[in-house]
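Undergrad: Quick one: structure below, then a few questions.
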Amino acid sequence: TASTVTSAVTVLDPKELESQGIFQLRDALNASPGVISTSTGGQTGALGNLFIRGTTTNYAQLVVDGMRLNDANNLLGHFLGSARTNDVGNVEILRGPQGAIYGGESIGGVVWMETPHGSGSPHGSTTVEAGSFDSFAAHAMFQGESGQLSYYLSGGYEETDNDAPRNHFQQASSALRVEGKVDSIWTVGTTFRSIDSSGQDLDTSINQDSDSRLMSDLSTVYAVGKISDRWTTRFHVGYYQESYDQNYTDPSSSLPSSYFSDLRAGSVSTDQEITLADNLRLLAGAFSHQDSFESTYSPPDQKHDRYGAHTSLEWDLIEHLTATGSLRWEDYDTDGQKTTWRIGSIYNFVSTGTRFRSSIGTSFRAPSYMELFSNYGGNPNLTPESALGWEFGVEQKIGNHHTLEATWFKNQISDQIGYNTAYYNVAGVSTTDGLELGLRGNWLENALNYRLAWTYLRHSLSDQPRNAATASIDWKPTAKSLIGIGASHLSEHSWGGDPIASYTLARLYSSYQLTDKVKLNARMENVFDKSYQLGNFTNYGDPAVEGAGTGIYAGVT
């Protein structure tokens with residue numbers, strides 16, 4: 001619960017995101033302090049980038065429906081570029097090293113999300129939206145409960161030409177959850193998610209037209225048993241597959257005329273949650289994971305196995321003071337055994353509405369197949385990166401309707417993997433540190449709501465913005481209407497390429513409940529038609545990637 005979590009965490013409400021007209025997951029994540037979520041490669045449909053606490057995408061882990069989707073070989077860029085918020089039930093962003101709880105590739109943090117649970121009497125909805133750049137999107141959902149069975153089903157389609165030449169993108173997606181209560185102890189369920197997208201000129205790593213296609217599927221089966229008031233057991237099986245193909249033609253280039261990657265991954269895990277005493281709780285578990293990966297630039301059919309176990313203790317030392325300790329051991333067949341740990345504490349001053357959090361922990365990132373075996377600079381002698389990170393934070397209630405949070409953090413990364421004609425381990429320690437601020441609340445009995453997230457980075461990887469901020473405020477002038485404004489700001493940065501000037505973007509959004517069953521919505525992106533760059537890697541011979549100009553969209557649910 002929020003009163004015992006010792007890591008800084010932000011929970012996003014999909015309904016709030018929908019009311020603000022935020023449908024891309026990578027846009028939604030910016031509402032969390034410490035997070036910059038964007039794409040350095042293009043507009044809608046391009047690979048996503050996730051920068052948590054000054055680290056890069058390689059250092060963030062994504063868990064969907066209980067299964068970890070990315071690891072050293074499969075980065076989360078494809079999923080982040082295609083994931084939408086209208087088929088998500090909950091999103092949580094845990095910041096800071098989470099290796100002792102979630103394993104490797106979690107130096108920056110972990111994004112955890114799940115497919116919605118069906119609820120209520122059977123009901124559904126359909127949303128259609130159209131607007132600038134020949135954009136069109138449709139999404140339908142049906143959910144409900146029948147006896148001991150609940151279900152949720154959704155499907156969507158979208159397409160856009162983007163605000164760039166030869167940049168068409170289209171995507172179809174679906175999501176499903178079915179869950180049933182077998183008896184007074186056991187609940188079992190299954191989930192399924194699918195994405196099929198294609199685009200043109202979405203990857204600017206080569207300066208030419210290209211056609212790409214992404215297909216991914218995630219299936220899980222799980223069981224939860226409430227053995228007693230003190231013991232809950234969980235079992236989980238997951239399978240994920242992702243295929244990406246890109247075709248292009250450039251007679252002047254020595255690169256191949258096509259690129260592909262294929263990943264197949266399966267996992268089995270169990271977790272046991274046991275209350276040892278009224279003030280002492282134990283979480284223990286074990287897992288096994290296997291994947292196979294193949295790409296144009298690596299040897300065929302690379303297989304990777306890992307397995308391990310973890311345990312955590314949560315101890316209420318005195319009233320309002322909770323301490324946690326976690327330990328995880330895992331064995332990677334390509335990198336050997338890894339042990340990570342984390343300890344933390346949280347103190348709640350109930351009388352003043354104040355919480356103090358502090359924690360310190362370790363994590364690591366294993367070399368990928370590309371880094372180990374690529375035909376273009378692969379180095380089989382690479383060692384895993386390791387990190388030690390700490391944070392101290394305070395959360396303060398201001399009256400009954402406002403909350404202020406501030407967290408100072410620092411990460412120290414050893415053996416960072418760099419590239420200069422070949423991959424190598426960087427000598428010394430790389431540091432990321434900074435300050436996170438968040439403010440949220442409401443006035444006039446929820447008629448006026450606001451949210452602010454600001455991140456200051458003193459040190460970062462890949463020359464990230466020193467200051468990054470997002471803010472939104474919406475007003476409900478009547479029970480049926482909503483009007484809002486949002487803004488985002490990035491100071492000067494480069495993402496490791498050429499300099500990009502600072503910029504601030506503004507957006508407007510509104511909705512009106514026309515009848516009990518019909519709701520109208522409209523939004524305007526980049527209100528002042530600001531010119532800005534998503535990426536600038538001209539030093540590698542690529543053109544600068546321009547952001548979209550003003551876009552106007554309207555729809556009906």
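Labels used: A, B, ... for chains in the order of the structure tokens, numbers from 1 for residues in each chain, and numbers from 1 for ligands as shown.
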Select from segment 295-475 of chain A everything DSSP, run on the backbone, classes as alpha helix (DSSP H), then give the selection as a ChimeraX atom specification.

TA: /A:369-373

Undergrad: Mind writing the picked residues with all heavy atoms as an mmCIF file, in the first residue's frame?

TA:
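Below you can see part22.cif, which holds the result:
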data_model
loop_
_atom_site.group_PDB
_atom_site.id
_atom_site.type_symbol
_atom_site.label_atom_id
_atom_site.label_comp_id
_atom_site.auth_asym_id
_atom_site.auth_seq_id
_atom_site.Cartn_x
_atom_site.Cartn_y
_atom_site.Cartn_z
ATOM 1 N N TYR A 369 22.391 -9.534 -26.814
ATOM 2 C CA TYR A 369 22.987 -10.330 -27.892
ATOM 3 C C TYR A 369 23.668 -9.425 -28.914
ATOM 4 O O TYR A 369 24.720 -9.743 -29.456
ATOM 5 C CB TYR A 369 21.913 -11.158 -28.591
ATOM 6 C CG TYR A 369 21.318 -12.247 -27.737
ATOM 7 C CD1 TYR A 369 19.962 -12.515 -27.779
ATOM 8 C CD2 TYR A 369 22.105 -13.011 -26.886
ATOM 9 C CE1 TYR A 369 19.401 -13.503 -26.999
ATOM 10 C CE2 TYR A 369 21.557 -14.002 -26.106
ATOM 11 C CZ TYR A 369 20.204 -14.251 -26.159
ATOM 12 O OH TYR A 369 19.652 -15.229 -25.389
ATOM 13 N N MET A 370 23.024 -8.281 -29.219
ATOM 14 C CA MET A 370 23.608 -7.340 -30.168
ATOM 15 C C MET A 370 24.967 -6.862 -29.673
ATOM 16 O O MET A 370 25.931 -6.788 -30.435
ATOM 17 C CB MET A 370 22.669 -6.159 -30.365
ATOM 18 C CG MET A 370 21.338 -6.501 -30.992
ATOM 19 S SD MET A 370 21.461 -6.794 -32.761
ATOM 20 C CE MET A 370 21.660 -5.118 -33.346
ATOM 21 N N GLU A 371 25.056 -6.523 -28.385
ATOM 22 C CA GLU A 371 26.313 -6.022 -27.831
ATOM 23 C C GLU A 371 27.365 -7.121 -27.744
ATOM 24 O O GLU A 371 28.562 -6.866 -27.880
ATOM 25 C CB GLU A 371 26.057 -5.410 -26.451
ATOM 26 C CG GLU A 371 25.226 -4.132 -26.521
ATOM 27 C CD GLU A 371 24.654 -3.730 -25.179
ATOM 28 O OE1 GLU A 371 24.455 -4.617 -24.313
ATOM 29 O OE2 GLU A 371 24.384 -2.537 -24.998
ATOM 30 N N LEU A 372 26.918 -8.353 -27.527
ATOM 31 C CA LEU A 372 27.858 -9.459 -27.404
ATOM 32 C C LEU A 372 28.294 -10.019 -28.750
ATOM 33 O O LEU A 372 29.481 -10.298 -28.959
ATOM 34 C CB LEU A 372 27.230 -10.584 -26.569
ATOM 35 C CG LEU A 372 27.005 -10.326 -25.077
ATOM 36 C CD1 LEU A 372 26.134 -11.429 -24.478
ATOM 37 C CD2 LEU A 372 28.337 -10.237 -24.331
ATOM 38 N N PHE A 373 27.337 -10.168 -29.688
ATOM 39 C CA PHE A 373 27.617 -10.958 -30.885
ATOM 40 C C PHE A 373 27.384 -10.234 -32.204
ATOM 41 O O PHE A 373 27.521 -10.838 -33.269
ATOM 42 C CB PHE A 373 26.747 -12.228 -30.876
ATOM 43 C CG PHE A 373 26.849 -13.032 -29.616
ATOM 44 C CD1 PHE A 373 25.738 -13.231 -28.814
ATOM 45 C CD2 PHE A 373 28.052 -13.576 -29.210
ATOM 46 C CE1 PHE A 373 25.809 -13.967 -27.643
ATOM 47 C CE2 PHE A 373 28.147 -14.311 -28.040
ATOM 48 C CZ PHE A 373 27.031 -14.515 -27.254
#

Undergrad: If we count only C-alpha atoms and set the cut-off at 9 Å, which residues sit around Leu382 of chain A, ignoring sequence neighbours fewer than 4 positions away in its own chain? Please answer as an NGL selection string.

TA: :A and (366-367 or 371-372 or 415 or 417 or 423-425)

Undergrad: Which polymer residues have any atom within 6 Å of an atom of Met141 of chain A, counting only C-alpha atoms, with same-chain residues fewer than 4 positions away left out, as a PyMOL selection string?

TA: chain A and resi 124-125+153-154

Undergrad: If you keep N, CA, C and O atoms, can you produce a file of those selected residues as a CSV table (one decimal), in the first residue's frame?

TA:
chain,number,residue,atom,x,y,z
A,124,GLY,N,-20.8,-1.7,-22.6
A,124,GLY,CA,-19.7,-1.5,-23.5
A,124,GLY,C,-19.7,0.0,-24.0
A,124,GLY,O,-20.6,0.7,-23.7
A,125,SER,N,-18.7,0.3,-24.8
A,125,SER,CA,-18.7,1.7,-25.4
A,125,SER,C,-17.8,1.6,-26.7
A,125,SER,O,-17.0,0.7,-26.9
A,153,LEU,N,-13.1,-7.1,-22.8
A,153,LEU,CA,-12.6,-7.3,-24.2
A,153,LEU,C,-12.6,-6.0,-24.9
A,153,LEU,O,-13.5,-5.2,-24.8
A,154,SER,N,-11.5,-5.7,-25.6
A,154,SER,CA,-11.4,-4.4,-26.3
A,154,SER,C,-10.6,-4.6,-27.6
A,154,SER,O,-9.8,-5.5,-27.8

Undergrad: Determine, counting only C-alpha atoms, which protein, DNA and RNA residues have an atom within 12 Å of an atom of Ile22 of chain A; residues of the same chain fewer than 3 positions away are not included. Present the result as a PyMOL selection string.

TA: chain A and resi 12-19+25-31+83-86+472+486+507-510+521-525+553

Undergrad: Save the residues we just selected, N, CA, C and O atoms, as a short mmCIF file (atom, residue, chain, number, x, y, z; two decimals), in the first residue's frame?

TA:
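Produced file out-v1.cif, reproduced below:
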data_model
loop_
_atom_site.label_atom_id
_atom_site.label_comp_id
_atom_site.auth_asym_id
_atom_site.auth_seq_id
_atom_site.Cartn_x
_atom_site.Cartn_y
_atom_site.Cartn_z
N LEU A 12 -1.07 6.17 -12.28
CA LEU A 12 -1.83 6.91 -13.27
C LEU A 12 -3.22 6.29 -13.43
O LEU A 12 -3.35 5.06 -13.48
N ASP A 13 -4.22 7.14 -13.50
CA ASP A 13 -5.60 6.70 -13.64
C ASP A 13 -6.01 6.79 -15.11
O ASP A 13 -6.06 7.89 -15.67
N PRO A 14 -6.29 5.66 -15.77
CA PRO A 14 -6.66 5.69 -17.19
C PRO A 14 -7.88 6.58 -17.48
O PRO A 14 -7.95 7.19 -18.55
N LYS A 15 -8.83 6.66 -16.53
CA LYS A 15 -10.00 7.51 -16.76
C LYS A 15 -9.61 8.98 -16.80
O LYS A 15 -10.15 9.75 -17.59
N GLU A 16 -8.67 9.36 -15.94
CA GLU A 16 -8.18 10.74 -15.96
C GLU A 16 -7.45 11.03 -17.26
O GLU A 16 -7.59 12.10 -17.85
N LEU A 17 -6.64 10.07 -17.72
CA LEU A 17 -5.93 10.24 -18.98
C LEU A 17 -6.90 10.38 -20.15
O LEU A 17 -6.72 11.21 -21.04
N GLU A 18 -7.96 9.56 -20.14
CA GLU A 18 -8.96 9.64 -21.20
C GLU A 18 -9.63 11.00 -21.21
O GLU A 18 -9.85 11.59 -22.28
N SER A 19 -9.96 11.55 -20.04
CA SER A 19 -10.62 12.85 -19.99
C SER A 19 -9.72 13.95 -20.52
O SER A 19 -10.20 14.98 -21.00
N LEU A 25 0.54 5.73 -24.49
CA LEU A 25 1.15 5.44 -23.20
C LEU A 25 2.39 6.29 -22.98
O LEU A 25 2.63 6.79 -21.89
N ARG A 26 3.20 6.47 -24.02
CA ARG A 26 4.44 7.21 -23.84
C ARG A 26 4.19 8.67 -23.46
O ARG A 26 5.01 9.29 -22.80
N ASP A 27 3.06 9.24 -23.88
CA ASP A 27 2.70 10.59 -23.45
C ASP A 27 2.22 10.58 -22.00
O ASP A 27 2.51 11.50 -21.24
N ALA A 28 1.49 9.54 -21.63
CA ALA A 28 0.93 9.47 -20.28
C ALA A 28 2.00 9.39 -19.22
O ALA A 28 1.87 9.96 -18.13
N LEU A 29 3.10 8.69 -19.49
CA LEU A 29 4.13 8.47 -18.48
C LEU A 29 4.81 9.76 -18.04
O LEU A 29 5.41 9.82 -16.96
N ASN A 30 4.70 10.82 -18.84
CA ASN A 30 5.32 12.08 -18.47
C ASN A 30 4.65 12.75 -17.27
O ASN A 30 5.19 13.73 -16.73
N ALA A 31 3.49 12.27 -16.86
CA ALA A 31 2.83 12.81 -15.68
C ALA A 31 3.53 12.43 -14.39
O ALA A 31 3.21 12.94 -13.32
N ALA A 83 1.83 1.13 -27.55
CA ALA A 83 0.86 0.93 -26.46
C ALA A 83 -0.05 2.14 -26.31
O ALA A 83 0.38 3.28 -26.43
N ARG A 84 -1.32 1.88 -26.01
CA ARG A 84 -2.31 2.92 -25.83
C ARG A 84 -2.93 2.81 -24.44
O ARG A 84 -2.92 1.75 -23.81
N THR A 85 -3.50 3.90 -23.96
CA THR A 85 -4.03 3.93 -22.59
C THR A 85 -5.47 3.43 -22.50
O THR A 85 -5.96 3.18 -21.40
N ASN A 86 -6.16 3.30 -23.64
CA ASN A 86 -7.59 2.94 -23.56
C ASN A 86 -7.82 1.45 -23.37
O ASN A 86 -8.96 1.01 -23.32
N SER A 472 -1.02 20.16 -15.94
CA SER A 472 -2.37 20.20 -16.51
C SER A 472 -3.33 20.74 -15.47
O SER A 472 -3.13 20.57 -14.26
N GLY A 486 -3.02 21.87 -20.90
CA GLY A 486 -1.82 21.18 -20.45
C GLY A 486 -0.60 21.78 -21.10
O GLY A 486 -0.69 22.45 -22.14
N ARG A 507 -1.35 22.40 -24.93
CA ARG A 507 -2.46 21.65 -25.50
C ARG A 507 -3.76 22.05 -24.81
O ARG A 507 -3.76 22.45 -23.64
N LEU A 508 -4.88 21.93 -25.51
CA LEU A 508 -6.20 22.18 -24.97
C LEU A 508 -7.03 20.91 -25.14
O LEU A 508 -6.87 20.17 -26.12
N TYR A 509 -7.97 20.67 -24.22
CA TYR A 509 -8.85 19.52 -24.35
C TYR A 509 -10.19 19.85 -23.70
O TYR A 509 -10.28 20.68 -22.79
N SER A 510 -11.23 19.20 -24.18
CA SER A 510 -12.57 19.45 -23.64
C SER A 510 -13.47 18.25 -23.93
O SER A 510 -13.19 17.43 -24.81
N ASN A 521 -15.99 14.93 -27.52
CA ASN A 521 -14.68 15.38 -27.03
C ASN A 521 -13.90 16.05 -28.16
O ASN A 521 -14.12 15.78 -29.35
N ALA A 522 -13.00 16.95 -27.79
CA ALA A 522 -12.14 17.64 -28.74
C ALA A 522 -10.82 17.98 -28.06
O ALA A 522 -10.77 18.15 -26.84
N ARG A 523 -9.75 18.07 -28.85
CA ARG A 523 -8.45 18.45 -28.30
C ARG A 523 -7.63 19.15 -29.38
O ARG A 523 -7.86 18.95 -30.57
N MET A 524 -6.70 19.95 -28.92
CA MET A 524 -5.80 20.69 -29.81
C MET A 524 -4.38 20.52 -29.28
O MET A 524 -4.08 20.91 -28.16
N GLU A 525 -3.51 19.95 -30.09
CA GLU A 525 -2.13 19.70 -29.70
C GLU A 525 -1.22 20.78 -30.29
O GLU A 525 -1.46 21.28 -31.38
N TYR A 553 -8.35 17.65 -33.19
CA TYR A 553 -9.04 16.36 -33.25
C TYR A 553 -10.38 16.46 -32.53
O TYR A 553 -10.51 17.18 -31.54
#

Undergrad: Find the spatial neighbours of Gly497 of chain A, counting only C-alpha atoms, within a cut-off of 6 Å - ignore same-chain residues fewer than 3 positions away - and output them as a list of chain:residue names.

TA: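 The residues satisfying every condition are A:Ser494, A:Asn536, A:Phe537.
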
Undergrad: Return the single residue from A:Ala137, A:Val35, A:Leu263, A:Val527 that is closest to Lys303 of chain A, with distances computed using only C-alpha atoms.

TA: A:Leu263

Undergrad: Which residues, written as a PDB file with all heavy atoms, in the first residue's frame, have at least one atom at most 8 Å from Ser267 of chain A, with only C-alpha atoms counted and residues fewer than 3 positions away on the same chain left out?

TA:
ATOM      1  N   MET A  67       3.972 -10.219 -16.450  1.00  0.00           N
ATOM      2  CA  MET A  67       5.129 -10.758 -17.165  1.00  0.00           C
ATOM      3  C   MET A  67       6.060  -9.639 -17.587  1.00  0.00           C
ATOM      4  O   MET A  67       5.626  -8.632 -18.139  1.00  0.00           O
ATOM      5  CB  MET A  67       4.701 -11.550 -18.398  1.00  0.00           C
ATOM      6  CG  MET A  67       5.888 -12.157 -19.131  1.00  0.00           C
ATOM      7  SD  MET A  67       5.425 -13.255 -20.469  1.00  0.00           S
ATOM      8  CE  MET A  67       7.046 -13.758 -21.070  1.00  0.00           C
ATOM      9  N   VAL A 237       1.996 -17.937 -15.483  1.00  0.00           N
ATOM     10  CA  VAL A 237       2.668 -18.438 -16.682  1.00  0.00           C
ATOM     11  C   VAL A 237       2.441 -17.423 -17.793  1.00  0.00           C
ATOM     12  O   VAL A 237       1.299 -16.967 -17.995  1.00  0.00           O
ATOM     13  CB  VAL A 237       2.134 -19.822 -17.109  1.00  0.00           C
ATOM     14  CG1 VAL A 237       2.834 -20.296 -18.385  1.00  0.00           C
ATOM     15  CG2 VAL A 237       2.325 -20.846 -15.997  1.00  0.00           C
ATOM     16  N   GLY A 238       3.502 -17.046 -18.498  1.00  0.00           N
ATOM     17  CA  GLY A 238       3.359 -16.058 -19.557  1.00  0.00           C
ATOM     18  C   GLY A 238       4.153 -16.426 -20.796  1.00  0.00           C
ATOM     19  O   GLY A 238       5.181 -17.116 -20.706  1.00  0.00           O
ATOM     20  N   TYR A 239       3.675 -15.969 -21.947  1.00  0.00           N
ATOM     21  CA  TYR A 239       4.381 -16.179 -23.214  1.00  0.00           C
ATOM     22  C   TYR A 239       4.269 -14.909 -24.043  1.00  0.00           C
ATOM     23  O   TYR A 239       3.176 -14.348 -24.201  1.00  0.00           O
ATOM     24  CB  TYR A 239       3.784 -17.356 -23.988  1.00  0.00           C
ATOM     25  CG  TYR A 239       4.473 -17.605 -25.317  1.00  0.00           C
ATOM     26  CD1 TYR A 239       5.721 -18.213 -25.368  1.00  0.00           C
ATOM     27  CD2 TYR A 239       3.870 -17.217 -26.514  1.00  0.00           C
ATOM     28  CE1 TYR A 239       6.365 -18.433 -26.582  1.00  0.00           C
ATOM     29  CE2 TYR A 239       4.501 -17.425 -27.726  1.00  0.00           C
ATOM     30  CZ  TYR A 239       5.753 -18.030 -27.760  1.00  0.00           C
ATOM     31  OH  TYR A 239       6.390 -18.237 -28.961  1.00  0.00           O
ATOM     32  N   PHE A 287      11.277 -17.942 -10.000  1.00  0.00           N
ATOM     33  CA  PHE A 287      10.882 -17.795 -11.402  1.00  0.00           C
ATOM     34  C   PHE A 287      11.852 -18.533 -12.306  1.00  0.00           C
ATOM     35  O   PHE A 287      12.991 -18.844 -11.938  1.00  0.00           O
ATOM     36  CB  PHE A 287      10.858 -16.314 -11.795  1.00  0.00           C
ATOM     37  CG  PHE A 287      12.227 -15.735 -12.034  1.00  0.00           C
ATOM     38  CD1 PHE A 287      12.770 -15.687 -13.313  1.00  0.00           C
ATOM     39  CD2 PHE A 287      12.994 -15.272 -10.976  1.00  0.00           C
ATOM     40  CE1 PHE A 287      14.040 -15.179 -13.529  1.00  0.00           C
ATOM     41  CE2 PHE A 287      14.263 -14.752 -11.178  1.00  0.00           C
ATOM     42  CZ  PHE A 287      14.796 -14.703 -12.475  1.00  0.00           C
ATOM     43  N   SER A 288      11.372 -18.822 -13.516  1.00  0.00           N
ATOM     44  CA  SER A 288      12.205 -19.367 -14.585  1.00  0.00           C
ATOM     45  C   SER A 288      11.788 -18.688 -15.872  1.00  0.00           C
ATOM     46  O   SER A 288      10.591 -18.539 -16.140  1.00  0.00           O
ATOM     47  CB  SER A 288      12.021 -20.886 -14.697  1.00  0.00           C
ATOM     48  OG  SER A 288      12.760 -21.397 -15.805  1.00  0.00           O
ATOM     49  N   HIS A 289      12.761 -18.260 -16.663  1.00  0.00           N
ATOM     50  CA  HIS A 289      12.483 -17.518 -17.890  1.00  0.00           C
ATOM     51  C   HIS A 289      13.401 -18.029 -18.992  1.00  0.00           C
ATOM     52  O   HIS A 289      14.594 -18.230 -18.774  1.00  0.00           O
ATOM     53  CB  HIS A 289      12.724 -16.027 -17.656  1.00  0.00           C
ATOM     54  CG  HIS A 289      12.470 -15.163 -18.863  1.00  0.00           C
ATOM     55  ND1 HIS A 289      11.336 -14.390 -18.998  1.00  0.00           N
ATOM     56  CD2 HIS A 289      13.201 -14.942 -19.984  1.00  0.00           C
ATOM     57  CE1 HIS A 289      11.384 -13.737 -20.139  1.00  0.00           C
ATOM     58  NE2 HIS A 289      12.505 -14.052 -20.760  1.00  0.00           N
ATOM     59  N   GLN A 290      12.838 -18.199 -20.168  1.00  0.00           N
ATOM     60  CA  GLN A 290      13.637 -18.608 -21.328  1.00  0.00           C
ATOM     61  C   GLN A 290      13.212 -17.801 -22.532  1.00  0.00           C
ATOM     62  O   GLN A 290      12.012 -17.576 -22.742  1.00  0.00           O
ATOM     63  CB  GLN A 290      13.472 -20.105 -21.627  1.00  0.00           C
ATOM     64  CG  GLN A 290      14.336 -20.584 -22.799  1.00  0.00           C
ATOM     65  CD  GLN A 290      14.123 -22.044 -23.129  1.00  0.00           C
ATOM     66  OE1 GLN A 290      13.115 -22.397 -23.733  1.00  0.00           O
ATOM     67  NE2 GLN A 290      15.068 -22.891 -22.726  1.00  0.00           N
TER      68      GLN A 290
END

Undergrad: Can you tell me how far atom CA of Gln241 of chain A sits from atom CA of Ser219 of chain A, in Å to one decimal?

TA: 9.2 Å

Undergrad: When you count only C-alpha atoms, which of these residues is closest to Pro384 of chain A: A:Phe364, A:Trp315, A:Trp341, A:Phe349?

TA: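 The answer is A:Phe364, which sits nearest to Pro384 of chain A.
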
Undergrad: Pick the closest to Gly308 of chain A from A:Ile36, A:Ala60, A:Ala100, A:Ile500: which is it, counting only C-alpha atoms?

TA: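 Checking each of A:Ile36, A:Ala60, A:Ala100, A:Ile500 against Gly308 of chain A, counting only C-alpha atoms, the winner is A:Ala100.
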
Undergrad: If you measure from atom CA of Glu319 of chain A to atom CA of Thr340 of chain A, what distance in Å do you get, rounded to one decimal?

TA: 28.9 Å

Undergrad: Near Arg306 of chain A, within 12 Å and counting only C-alpha atoms, which residues show up once chain neighbours fewer than 2 positions away are dropped, as a VMD selection string?

TA: chain A and resid 71 to 72 103 to 104 265 to 269 286 to 292 303 to 304 308 to 309 329 to 338 366

Undergrad: Output C-alpha atoms of each residue in that selection to a file, as a PDB file, in the first residue's frame.

TA:
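This went into again-v4.pdb:
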ATOM      1  CA  ASP A  71      15.272  -7.662 -21.009  1.00  0.00           C
ATOM      2  CA  ALA A  72      18.789  -7.189 -22.327  1.00  0.00           C
ATOM      3  CA  GLY A 103      15.478  -8.299 -11.551  1.00  0.00           C
ATOM      4  CA  GLY A 104      17.845  -6.856 -14.132  1.00  0.00           C
ATOM      5  CA  ALA A 265       9.936 -15.615 -24.453  1.00  0.00           C
ATOM      6  CA  GLY A 266       8.231 -17.754 -21.837  1.00  0.00           C
ATOM      7  CA  SER A 267       8.178 -17.500 -18.049  1.00  0.00           C
ATOM      8  CA  VAL A 268       6.848 -19.354 -15.012  1.00  0.00           C
ATOM      9  CA  SER A 269       6.765 -17.780 -11.559  1.00  0.00           C
ATOM     10  CA  ALA A 286      10.850 -18.031  -7.620  1.00  0.00           C
ATOM     11  CA  PHE A 287      10.882 -17.795 -11.402  1.00  0.00           C
ATOM     12  CA  SER A 288      12.205 -19.367 -14.585  1.00  0.00           C
ATOM     13  CA  HIS A 289      12.483 -17.518 -17.890  1.00  0.00           C
ATOM     14  CA  GLN A 290      13.637 -18.608 -21.328  1.00  0.00           C
ATOM     15  CA  ASP A 291      13.835 -16.646 -24.545  1.00  0.00           C
ATOM     16  CA  SER A 292      15.239 -17.032 -28.033  1.00  0.00           C
ATOM     17  CA  LYS A 303      18.871 -18.744 -26.538  1.00  0.00           C
ATOM     18  CA  HIS A 304      18.903 -17.265 -23.087  1.00  0.00           C
ATOM     19  CA  GLY A 308      16.156 -17.355  -9.558  1.00  0.00           C
ATOM     20  CA  ALA A 309      14.456 -16.644  -6.245  1.00  0.00           C
ATOM     21  CA  TRP A 329      19.422 -14.200  -6.538  1.00  0.00           C
ATOM     22  CA  GLU A 330      19.307 -15.161 -10.188  1.00  0.00           C
ATOM     23  CA  ASP A 331      21.401 -17.131 -12.638  1.00  0.00           C
ATOM     24  CA  TYR A 332      21.916 -15.936 -16.228  1.00  0.00           C
ATOM     25  CA  ASP A 333      23.415 -18.606 -18.481  1.00  0.00           C
ATOM     26  CA  THR A 334      25.298 -15.936 -20.452  1.00  0.00           C
ATOM     27  CA  ASP A 335      26.447 -13.785 -17.514  1.00  0.00           C
ATOM     28  CA  GLY A 336      26.534 -15.989 -14.424  1.00  0.00           C
ATOM     29  CA  GLN A 337      24.939 -15.428 -11.042  1.00  0.00           C
ATOM     30  CA  LYS A 338      23.694 -12.059  -9.797  1.00  0.00           C
ATOM     31  CA  ALA A 366      23.204  -7.674 -18.727  1.00  0.00           C
TER      32      ALA A 366
END

Undergrad: Atom CA of Thr115 of chain A and atom CA of Thr557 of chain A are how many Å apart?

TA: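 Between atom CA of Thr115 of chain A and atom CA of Thr557 of chain A the gap works out to 20.5 Å.
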
Undergrad: Given only C-alpha atoms as the basis, pick out the residue of A:Phe23, A:Ser386, A:Tyr244, A:Tyr222 nearest to His139 of chain A.

TA: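 Of the candidates, the smallest distance to His139 of chain A is held by A:Phe23.
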
Undergrad: Under the rule that only C-alpha atoms are counted, which of A:Thr38, A:Ser7, A:Asp134, A:Pro477 is the nearest residue to Gly535 of chain A?

TA: A:Thr38

Undergrad: Go through A:Gly377, A:Gly108, A:Gln24, A:Ser174 one by one, measure the shortest atom-to-atom distance of each to Ala140 of chain A using only C-alpha atoms, and give the residue with the smallest value.

TA: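 Smallest distance to Ala140 of chain A is found for A:Ser174.
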
Undergrad: Apply DSSP to the structure's backbone, then extract all residues of segment 264-411 of chain A labelled strand (DSSP E) and return them as a VMD selection string.

TA: chain A and resid 264 to 277 280 to 295 302 to 318 321 to 332 336 to 349 354 to 365 385 to 398 402 to 411
